[in-house]
Amino acid sequence: MARPGIEPKTQPEFRAPLAEADPDLAEMIRRELERQRSTIELIASENFTSRAVLEAAASVLTNKYAEGYPGARYYGGCEVVDEVENLAITRCKSLFGAEHVNVQPHSGSSANQAVYFAELAVGDSILAMKLTHGGHLTHGMKINFSGRYYHVHSYGLDRETGRLNYDEIEELAREHQPRLIVAGASAYPRSIDFERFARIARSVGARLMVDMAHIAGLVAAELHPDPVAVSDYVTTTTHKTLAGPRSGVIMCKRGLGKGIDKAVFPGLQGGPLMHIIAAKAACFKLAATDEFRERQRQTVANAALLAKRLKEGGIQLVSGGTDNHLMLADLTDIGLTGVEAEKRLEEVGITVNKNAVPYDPLPATVTSGIRIGTPAVTSRGFREPEMEETAAIILSALSRNINEAEKKKLRGRVNELLAGFPLYPHL
Ligand code: DSN
């Protein structure tokens, strides 16, 4: 601490706030804040993180090198960050009932990569969900590292029901004898039976990894079957339903912990992002509260209501609805592609993403569907009345003959709706 009256000796540029040091960048960040404030955010994988998490993520912990793990670092001065990392680990263990936790992965993708690196040799077989049916890039997509280094067998959704067909997954597991089965999805609107996955894995001597990135908040709130108790490995991001910083985590059985830690560091990463680990610690604390559990309950209720209204308005949903925080709309019957619907909604102030539907005849850059999720609007405070209005605006925006004047009116309704839900008023 500088004594009163003593001028800091750092250069003026070092002390200048962003708005002075880099006004162009500051302006871009201001515009992004404005964009977030002025649109209805329905991208299923996004959320608004809390002020506490933002503060931790922007803290001086970004300055610290801490290669290694608490108590065994390759740098001096790690006494405080050791405490921070241990706090994040302890809170994550307690939140999810995990035996071993590694909080260092920079992202969900790098968490998945670390599990593969720990568990598999190049050329080993995995069985995972097809990207085009709702899986993830790291679940074996052809040009992703997972598709290039491992022998990938995929399962998809049943053409009739739009749901996972566990009997078929079991048959595929018997046929291909994978070393690792991957469960979890990026665009699956139904609950996943992780116990069944675990039984399938056990029956063929495979390990089970669950990527629960999308549903981690629901799992923490006990609104979705728990993967942690029944899986060898569970990976997650921390920024989706969990509402933390943009990052990843690995949980695993105690006996697999050493292998995971070695795969993360020094296998794949150098210095951990200690500021983001601090933000994860804050996120785990918040996720253990009754308020968080209530928000997850509302997220699911909001999704159910939106799905019901969209269906009543003539929009087909893959699997006919949702059990979780998201739905997948198949727009074939209303004559719009995913890319057209995404643009149409953007014009009226609603953000979603185009998304392939199972057996989609259109390419990934066009798609026949959109994915819609409720975590972000629920964090913002939307409840049933606001979801009714959101559904009505979406249905009008996607109607066949909408003109520019009508779009403008819808934009006005979006603005009006959002006016009652200020976002980050302290910024
Ligand atoms: N890209 C993410 C999503 O949008 O679901 C998955 O990690």
# chains A, B, ... in the order shown; residues from 1 in each chain; ligands from 1
>>> closest_atom_pairs(of="chain A", to="ligand 1", cutoff="10 Å", atoms="only C-alpha atoms and all ligand atoms", output="JSON lines")
{"residue": "A:Ile43", "atom": "CA", "partner": "ligand 1", "partner_atom_place_in_ligand_line": "4 (O)", "distance": 7.4}
{"residue": "A:Ala44", "atom": "CA", "partner": "ligand 1", "partner_atom_place_in_ligand_line": "4 (O)", "distance": 6.8}
{"residue": "A:Ser45", "atom": "CA", "partner": "ligand 1", "partner_atom_place_in_ligand_line": "4 (O)", "distance": 4.7}
{"residue": "A:Glu46", "atom": "CA", "partner": "ligand 1", "partner_atom_place_in_ligand_line": "4 (O)", "distance": 7.4}
{"residue": "A:Ser107", "atom": "CA", "partner": "ligand 1", "partner_atom_place_in_ligand_line": "7 (O)", "distance": 8.8}
{"residue": "A:Gly108", "atom": "CA", "partner": "ligand 1", "partner_atom_place_in_ligand_line": "7 (O)", "distance": 6.6}
{"residue": "A:Ser109", "atom": "CA", "partner": "ligand 1", "partner_atom_place_in_ligand_line": "7 (O)", "distance": 7.3}
{"residue": "A:Gly134", "atom": "CA", "partner": "ligand 1", "partner_atom_place_in_ligand_line": "5 (O)", "distance": 8.8}
{"residue": "A:Gly135", "atom": "CA", "partner": "ligand 1", "partner_atom_place_in_ligand_line": "6 (C)", "distance": 8.6}
{"residue": "A:His136", "atom": "CA", "partner": "ligand 1", "partner_atom_place_in_ligand_line": "6 (C)", "distance": 6.2}
{"residue": "A:Leu137", "atom": "CA", "partner": "ligand 1", "partner_atom_place_in_ligand_line": "6 (C)", "distance": 8.0}
{"residue": "A:Thr138", "atom": "CA", "partner": "ligand 1", "partner_atom_place_in_ligand_line": "7 (O)", "distance": 8.9}
{"residue": "A:Ala185", "atom": "CA", "partner": "ligand 1", "partner_atom_place_in_ligand_line": "5 (O)", "distance": 7.9}
{"residue": "A:Ser186", "atom": "CA", "partner": "ligand 1", "partner_atom_place_in_ligand_line": "5 (O)", "distance": 4.4}
{"residue": "A:Ala187", "atom": "CA", "partner": "ligand 1", "partner_atom_place_in_ligand_line": "5 (O)", "distance": 6.6}
{"residue": "A:Tyr188", "atom": "CA", "partner": "ligand 1", "partner_atom_place_in_ligand_line": "5 (O)", "distance": 9.8}
{"residue": "A:Asp211", "atom": "CA", "partner": "ligand 1", "partner_atom_place_in_ligand_line": "7 (O)", "distance": 9.6}
{"residue": "A:Met212", "atom": "CA", "partner": "ligand 1", "partner_atom_place_in_ligand_line": "7 (O)", "distance": 10.0}
{"residue": "A:Ala213", "atom": "CA", "partner": "ligand 1", "partner_atom_place_in_ligand_line": "7 (O)", "distance": 7.0}
{"residue": "A:His214", "atom": "CA", "partner": "ligand 1", "partner_atom_place_in_ligand_line": "5 (O)", "distance": 6.8}
{"residue": "A:Thr236", "atom": "CA", "partner": "ligand 1", "partner_atom_place_in_ligand_line": "7 (O)", "distance": 9.1}
{"residue": "A:Thr237", "atom": "CA", "partner": "ligand 1", "partner_atom_place_in_ligand_line": "7 (O)", "distance": 7.5}
{"residue": "A:His239", "atom": "CA", "partner": "ligand 1", "partner_atom_place_in_ligand_line": "7 (O)", "distance": 9.7}
{"residue": "A:Lys240", "atom": "CA", "partner": "ligand 1", "partner_atom_place_in_ligand_line": "5 (O)", "distance": 8.4}
{"residue": "A:Asn353", "atom": "CA", "partner": "ligand 1", "partner_atom_place_in_ligand_line": "4 (O)", "distance": 8.3}
{"residue": "A:Asn355", "atom": "CA", "partner": "ligand 1", "partner_atom_place_in_ligand_line": "4 (O)", "distance": 9.6}
{"residue": "A:Arg371", "atom": "CA", "partner": "ligand 1", "partner_atom_place_in_ligand_line": "4 (O)", "distance": 9.1}
>>> write_last_selection(atoms="N, CA and C atoms", output="PDB file, in the first residue's frame")
ATOM      1  N   ILE A  43     -29.609 -18.107 -26.603  1.00  0.00           N
ATOM      2  CA  ILE A  43     -28.634 -19.141 -26.979  1.00  0.00           C
ATOM      3  C   ILE A  43     -28.495 -20.079 -25.781  1.00  0.00           C
ATOM      4  N   ALA A  44     -28.743 -21.366 -26.026  1.00  0.00           N
ATOM      5  CA  ALA A  44     -28.902 -22.312 -24.911  1.00  0.00           C
ATOM      6  C   ALA A  44     -27.631 -22.512 -24.100  1.00  0.00           C
ATOM      7  N   SER A  45     -26.477 -22.237 -24.711  1.00  0.00           N
ATOM      8  CA  SER A  45     -25.207 -22.470 -24.011  1.00  0.00           C
ATOM      9  C   SER A  45     -24.689 -21.205 -23.341  1.00  0.00           C
ATOM     10  N   GLU A  46     -25.439 -20.111 -23.467  1.00  0.00           N
ATOM     11  CA  GLU A  46     -24.955 -18.863 -22.856  1.00  0.00           C
ATOM     12  C   GLU A  46     -25.702 -18.566 -21.566  1.00  0.00           C
ATOM     13  N   SER A 107     -11.117 -24.875 -20.795  1.00  0.00           N
ATOM     14  CA  SER A 107     -12.423 -24.907 -21.465  1.00  0.00           C
ATOM     15  C   SER A 107     -12.997 -26.313 -21.384  1.00  0.00           C
ATOM     16  N   GLY A 108     -14.220 -26.462 -21.847  1.00  0.00           N
ATOM     17  CA  GLY A 108     -14.829 -27.790 -21.919  1.00  0.00           C
ATOM     18  C   GLY A 108     -14.075 -28.674 -22.903  1.00  0.00           C
ATOM     19  N   SER A 109     -13.667 -28.093 -24.022  1.00  0.00           N
ATOM     20  CA  SER A 109     -12.928 -28.880 -25.023  1.00  0.00           C
ATOM     21  C   SER A 109     -11.621 -29.391 -24.434  1.00  0.00           C
ATOM     22  N   GLY A 134     -26.629 -33.678 -32.133  1.00  0.00           N
ATOM     23  CA  GLY A 134     -26.615 -32.966 -30.859  1.00  0.00           C
ATOM     24  C   GLY A 134     -25.367 -33.178 -30.024  1.00  0.00           C
ATOM     25  N   GLY A 135     -24.398 -33.935 -30.550  1.00  0.00           N
ATOM     26  CA  GLY A 135     -23.141 -34.136 -29.816  1.00  0.00           C
ATOM     27  C   GLY A 135     -22.270 -32.890 -29.845  1.00  0.00           C
ATOM     28  N   HIS A 136     -20.977 -33.063 -29.609  1.00  0.00           N
ATOM     29  CA  HIS A 136     -20.070 -31.910 -29.588  1.00  0.00           C
ATOM     30  C   HIS A 136     -18.871 -32.196 -30.478  1.00  0.00           C
ATOM     31  N   LEU A 137     -18.219 -31.144 -30.928  1.00  0.00           N
ATOM     32  CA  LEU A 137     -17.015 -31.284 -31.763  1.00  0.00           C
ATOM     33  C   LEU A 137     -16.039 -32.305 -31.179  1.00  0.00           C
ATOM     34  N   THR A 138     -15.844 -32.226 -29.869  1.00  0.00           N
ATOM     35  CA  THR A 138     -14.842 -33.089 -29.222  1.00  0.00           C
ATOM     36  C   THR A 138     -15.355 -34.505 -28.960  1.00  0.00           C
ATOM     37  N   ALA A 185     -24.447 -34.047 -24.340  1.00  0.00           N
ATOM     38  CA  ALA A 185     -24.794 -33.450 -25.624  1.00  0.00           C
ATOM     39  C   ALA A 185     -24.812 -31.934 -25.545  1.00  0.00           C
ATOM     40  N   SER A 186     -24.813 -31.324 -26.734  1.00  0.00           N
ATOM     41  CA  SER A 186     -24.900 -29.861 -26.818  1.00  0.00           C
ATOM     42  C   SER A 186     -26.282 -29.393 -27.249  1.00  0.00           C
ATOM     43  N   ALA A 187     -27.070 -30.317 -27.768  1.00  0.00           N
ATOM     44  CA  ALA A 187     -28.383 -29.888 -28.278  1.00  0.00           C
ATOM     45  C   ALA A 187     -29.407 -31.001 -28.109  1.00  0.00           C
ATOM     46  N   TYR A 188     -29.459 -31.570 -26.908  1.00  0.00           N
ATOM     47  CA  TYR A 188     -30.427 -32.642 -26.653  1.00  0.00           C
ATOM     48  C   TYR A 188     -31.419 -32.166 -25.590  1.00  0.00           C
ATOM     49  N   ASP A 211     -20.040 -35.759 -20.494  1.00  0.00           N
ATOM     50  CA  ASP A 211     -19.805 -34.330 -20.701  1.00  0.00           C
ATOM     51  C   ASP A 211     -21.112 -33.629 -20.339  1.00  0.00           C
ATOM     52  N   MET A 212     -21.154 -33.088 -19.128  1.00  0.00           N
ATOM     53  CA  MET A 212     -22.432 -32.512 -18.651  1.00  0.00           C
ATOM     54  C   MET A 212     -22.465 -30.990 -18.806  1.00  0.00           C
ATOM     55  N   ALA A 213     -21.655 -30.467 -19.738  1.00  0.00           N
ATOM     56  CA  ALA A 213     -21.514 -29.009 -19.849  1.00  0.00           C
ATOM     57  C   ALA A 213     -22.862 -28.285 -19.867  1.00  0.00           C
ATOM     58  N   HIS A 214     -23.779 -28.777 -20.690  1.00  0.00           N
ATOM     59  CA  HIS A 214     -25.034 -28.041 -20.830  1.00  0.00           C
ATOM     60  C   HIS A 214     -25.890 -28.087 -19.575  1.00  0.00           C
ATOM     61  N   THR A 236     -17.137 -30.750 -17.563  1.00  0.00           N
ATOM     62  CA  THR A 236     -18.148 -29.707 -17.750  1.00  0.00           C
ATOM     63  C   THR A 236     -17.482 -28.386 -18.086  1.00  0.00           C
ATOM     64  N   THR A 237     -18.236 -27.529 -18.747  1.00  0.00           N
ATOM     65  CA  THR A 237     -17.846 -26.128 -18.771  1.00  0.00           C
ATOM     66  C   THR A 237     -18.463 -25.513 -17.523  1.00  0.00           C
ATOM     67  N   HIS A 239     -19.632 -22.175 -17.702  1.00  0.00           N
ATOM     68  CA  HIS A 239     -20.291 -20.918 -18.095  1.00  0.00           C
ATOM     69  C   HIS A 239     -21.686 -21.106 -18.680  1.00  0.00           C
ATOM     70  N   LYS A 240     -22.194 -22.332 -18.710  1.00  0.00           N
ATOM     71  CA  LYS A 240     -23.525 -22.515 -19.316  1.00  0.00           C
ATOM     72  C   LYS A 240     -24.571 -22.414 -18.196  1.00  0.00           C
ATOM     73  N   ASN A 353     -29.274 -19.638 -32.025  1.00  0.00           N
ATOM     74  CA  ASN A 353     -28.360 -20.116 -33.066  1.00  0.00           C
ATOM     75  C   ASN A 353     -29.033 -21.154 -33.949  1.00  0.00           C
ATOM     76  N   ASN A 355     -29.237 -24.508 -35.906  1.00  0.00           N
ATOM     77  CA  ASN A 355     -28.773 -25.785 -35.384  1.00  0.00           C
ATOM     78  C   ASN A 355     -29.305 -26.924 -36.243  1.00  0.00           C
ATOM     79  N   ARG A 371     -31.784 -23.716 -32.135  1.00  0.00           N
ATOM     80  CA  ARG A 371     -31.750 -24.178 -30.747  1.00  0.00           C
ATOM     81  C   ARG A 371     -32.111 -22.983 -29.866  1.00  0.00           C
TER      82      ARG A 371
END
>>> select_by_dssp(residues="segment 243-362 of chain A", states="strand (DSSP E or B)", output="MDAnalysis selection string")
chainID A and resid 248:252 316:317 326:330 350:351 353:355
>>> closest_residue(among="A:Val264, A:Leu218, A:Ala19, A:Ala98", to="Ala118 of chain A", atoms="only C-alpha atoms")
A:Val264
>>> atom_distance(atom1="atom CA of Ile393 of chain A", atom2="atom CA of Ser379 of chain A")
19.8 Å
>>> select_by_dssp(residues="segment 75-209 of chain A", states="helix (DSSP H, G or I)", output="PyMOL selection string")
chain A and resi 79-96+108-119+131-133+137-139+145-149+166-176+194-203
>>> closest_residue(among="A:Leu42, A:Val103, A:Ala229, A:Val80", to="Leu328 of chain A", atoms="only C-alpha atoms")
A:Leu42
>>> atom_distance(atom1="atom CA of Ile334 of chain A", atom2="atom CA of Gly349 of chain A")
20.7 Å
>>> decode(residues="segment 30-70 of chain A", atoms="N, CA and C atoms", output="mmCIF file, in the first residue's frame")
data_model
loop_
_atom_site.group_PDB
_atom_site.id
_atom_site.type_symbol
_atom_site.label_atom_id
_atom_site.label_comp_id
_atom_site.auth_asym_id
_atom_site.auth_seq_id
_atom_site.Cartn_x
_atom_site.Cartn_y
_atom_site.Cartn_z
ATOM 1 N N ARG A 30 -18.087 -1.596 -24.416
ATOM 2 C CA ARG A 30 -19.321 -0.892 -24.054
ATOM 3 C C ARG A 30 -20.456 -1.291 -25.005
ATOM 4 N N ARG A 31 -20.133 -1.406 -26.290
ATOM 5 C CA ARG A 31 -21.171 -1.780 -27.258
ATOM 6 C C ARG A 31 -21.657 -3.203 -27.039
ATOM 7 N N GLU A 32 -20.734 -4.099 -26.642
ATOM 8 C CA GLU A 32 -21.155 -5.477 -26.373
ATOM 9 C C GLU A 32 -22.068 -5.518 -25.137
ATOM 10 N N LEU A 33 -21.723 -4.729 -24.115
ATOM 11 C CA LEU A 33 -22.600 -4.658 -22.936
ATOM 12 C C LEU A 33 -23.983 -4.171 -23.361
ATOM 13 N N GLU A 34 -24.008 -3.166 -24.212
ATOM 14 C CA GLU A 34 -25.272 -2.619 -24.690
ATOM 15 C C GLU A 34 -26.051 -3.677 -25.479
ATOM 16 N N ARG A 35 -25.323 -4.448 -26.311
ATOM 17 C CA ARG A 35 -25.984 -5.512 -27.089
ATOM 18 C C ARG A 35 -26.616 -6.539 -26.138
ATOM 19 N N GLN A 36 -25.846 -6.927 -25.101
ATOM 20 C CA GLN A 36 -26.374 -7.920 -24.155
ATOM 21 C C GLN A 36 -27.592 -7.367 -23.418
ATOM 22 N N ARG A 37 -27.521 -6.070 -23.090
ATOM 23 C CA ARG A 37 -28.648 -5.461 -22.370
ATOM 24 C C ARG A 37 -29.899 -5.358 -23.231
ATOM 25 N N SER A 38 -29.711 -5.177 -24.529
ATOM 26 C CA SER A 38 -30.856 -4.800 -25.367
ATOM 27 C C SER A 38 -31.387 -5.939 -26.234
ATOM 28 N N THR A 39 -30.929 -7.178 -25.986
ATOM 29 C CA THR A 39 -31.481 -8.307 -26.741
ATOM 30 C C THR A 39 -31.965 -9.392 -25.777
ATOM 31 N N ILE A 40 -32.917 -10.173 -26.256
ATOM 32 C CA ILE A 40 -33.378 -11.333 -25.480
ATOM 33 C C ILE A 40 -32.455 -12.489 -25.838
ATOM 34 N N GLU A 41 -31.676 -12.932 -24.868
ATOM 35 C CA GLU A 41 -30.614 -13.918 -25.127
ATOM 36 C C GLU A 41 -31.170 -15.332 -24.930
ATOM 37 N N LEU A 42 -31.310 -16.030 -26.054
ATOM 38 C CA LEU A 42 -31.860 -17.394 -25.973
ATOM 39 C C LEU A 42 -30.882 -18.444 -26.508
ATOM 40 N N ILE A 43 -29.609 -18.107 -26.603
ATOM 41 C CA ILE A 43 -28.634 -19.141 -26.979
ATOM 42 C C ILE A 43 -28.495 -20.079 -25.781
ATOM 43 N N ALA A 44 -28.743 -21.366 -26.026
ATOM 44 C CA ALA A 44 -28.902 -22.312 -24.911
ATOM 45 C C ALA A 44 -27.631 -22.512 -24.100
ATOM 46 N N SER A 45 -26.477 -22.237 -24.711
ATOM 47 C CA SER A 45 -25.207 -22.470 -24.011
ATOM 48 C C SER A 45 -24.689 -21.205 -23.341
ATOM 49 N N GLU A 46 -25.439 -20.111 -23.467
ATOM 50 C CA GLU A 46 -24.955 -18.863 -22.856
ATOM 51 C C GLU A 46 -25.702 -18.566 -21.566
ATOM 52 N N ASN A 47 -25.104 -17.646 -20.815
ATOM 53 C CA ASN A 47 -25.718 -17.229 -19.562
ATOM 54 C C ASN A 47 -25.156 -15.867 -19.211
ATOM 55 N N PHE A 48 -25.704 -15.212 -18.217
ATOM 56 C CA PHE A 48 -25.082 -14.012 -17.662
ATOM 57 C C PHE A 48 -24.459 -14.427 -16.343
ATOM 58 N N THR A 49 -23.166 -14.202 -16.227
ATOM 59 C CA THR A 49 -22.536 -14.575 -14.968
ATOM 60 C C THR A 49 -22.755 -13.462 -13.950
ATOM 61 N N SER A 50 -22.533 -13.819 -12.687
ATOM 62 C CA SER A 50 -22.829 -12.859 -11.620
ATOM 63 C C SER A 50 -21.728 -11.807 -11.508
ATOM 64 N N ARG A 51 -22.058 -10.748 -10.838
ATOM 65 C CA ARG A 51 -21.082 -9.684 -10.592
ATOM 66 C C ARG A 51 -19.857 -10.233 -9.858
ATOM 67 N N ALA A 52 -20.093 -11.125 -8.889
ATOM 68 C CA ALA A 52 -18.980 -11.685 -8.104
ATOM 69 C C ALA A 52 -18.015 -12.446 -9.005
ATOM 70 N N VAL A 53 -18.564 -13.223 -9.933
ATOM 71 C CA VAL A 53 -17.719 -13.997 -10.854
ATOM 72 C C VAL A 53 -16.959 -13.047 -11.775
ATOM 73 N N LEU A 54 -17.631 -12.009 -12.271
ATOM 74 C CA LEU A 54 -16.955 -11.033 -13.141
ATOM 75 C C LEU A 54 -15.786 -10.389 -12.405
ATOM 76 N N GLU A 55 -15.995 -10.060 -11.140
ATOM 77 C CA GLU A 55 -14.930 -9.404 -10.374
ATOM 78 C C GLU A 55 -13.735 -10.329 -10.197
ATOM 79 N N ALA A 56 -14.019 -11.593 -9.853
ATOM 80 C CA ALA A 56 -12.913 -12.544 -9.653
ATOM 81 C C ALA A 56 -12.154 -12.752 -10.969
ATOM 82 N N ALA A 57 -12.909 -12.819 -12.075
ATOM 83 C CA ALA A 57 -12.274 -13.075 -13.376
ATOM 84 C C ALA A 57 -11.416 -11.896 -13.820
ATOM 85 N N ALA A 58 -11.731 -10.714 -13.328
ATOM 86 C CA ALA A 58 -10.962 -9.528 -13.720
ATOM 87 C C ALA A 58 -9.952 -9.142 -12.642
ATOM 88 N N SER A 59 -9.579 -10.120 -11.784
ATOM 89 C CA SER A 59 -8.745 -9.774 -10.629
ATOM 90 C C SER A 59 -7.247 -9.892 -10.933
ATOM 91 N N VAL A 60 -6.431 -9.463 -9.989
ATOM 92 C CA VAL A 60 -4.961 -9.493 -10.144
ATOM 93 C C VAL A 60 -4.414 -10.916 -10.186
ATOM 94 N N LEU A 61 -5.256 -11.906 -9.945
ATOM 95 C CA LEU A 61 -4.765 -13.286 -10.029
ATOM 96 C C LEU A 61 -4.313 -13.618 -11.458
ATOM 97 N N THR A 62 -4.734 -12.810 -12.411
ATOM 98 C CA THR A 62 -4.268 -13.024 -13.783
ATOM 99 C C THR A 62 -2.747 -12.861 -13.882
ATOM 100 N N ASN A 63 -2.156 -12.198 -12.926
ATOM 101 C CA ASN A 63 -0.700 -11.954 -12.978
ATOM 102 C C ASN A 63 0.134 -13.155 -12.557
ATOM 103 N N LYS A 64 -0.491 -14.158 -11.963
ATOM 104 C CA LYS A 64 0.307 -15.173 -11.265
ATOM 105 C C LYS A 64 0.551 -16.429 -12.088
ATOM 106 N N TYR A 65 1.807 -16.801 -12.194
ATOM 107 C CA TYR A 65 2.153 -18.109 -12.768
ATOM 108 C C TYR A 65 2.087 -19.169 -11.679
ATOM 109 N N ALA A 66 1.475 -20.289 -11.972
ATOM 110 C CA ALA A 66 1.320 -21.317 -10.933
ATOM 111 C C ALA A 66 1.347 -22.722 -11.541
ATOM 112 N N GLU A 67 2.268 -22.940 -12.492
ATOM 113 C CA GLU A 67 2.348 -24.299 -13.059
ATOM 114 C C GLU A 67 2.501 -25.317 -11.944
ATOM 115 N N GLY A 68 1.775 -26.410 -12.074
ATOM 116 C CA GLY A 68 1.777 -27.425 -11.024
ATOM 117 C C GLY A 68 0.435 -27.433 -10.323
ATOM 118 N N TYR A 69 0.456 -27.958 -9.111
ATOM 119 C CA TYR A 69 -0.795 -28.052 -8.332
ATOM 120 C C TYR A 69 -0.527 -27.507 -6.921
ATOM 121 N N PRO A 70 -1.594 -27.209 -6.152
ATOM 122 C CA PRO A 70 -1.386 -26.640 -4.821
ATOM 123 C C PRO A 70 -0.369 -27.456 -4.014
#
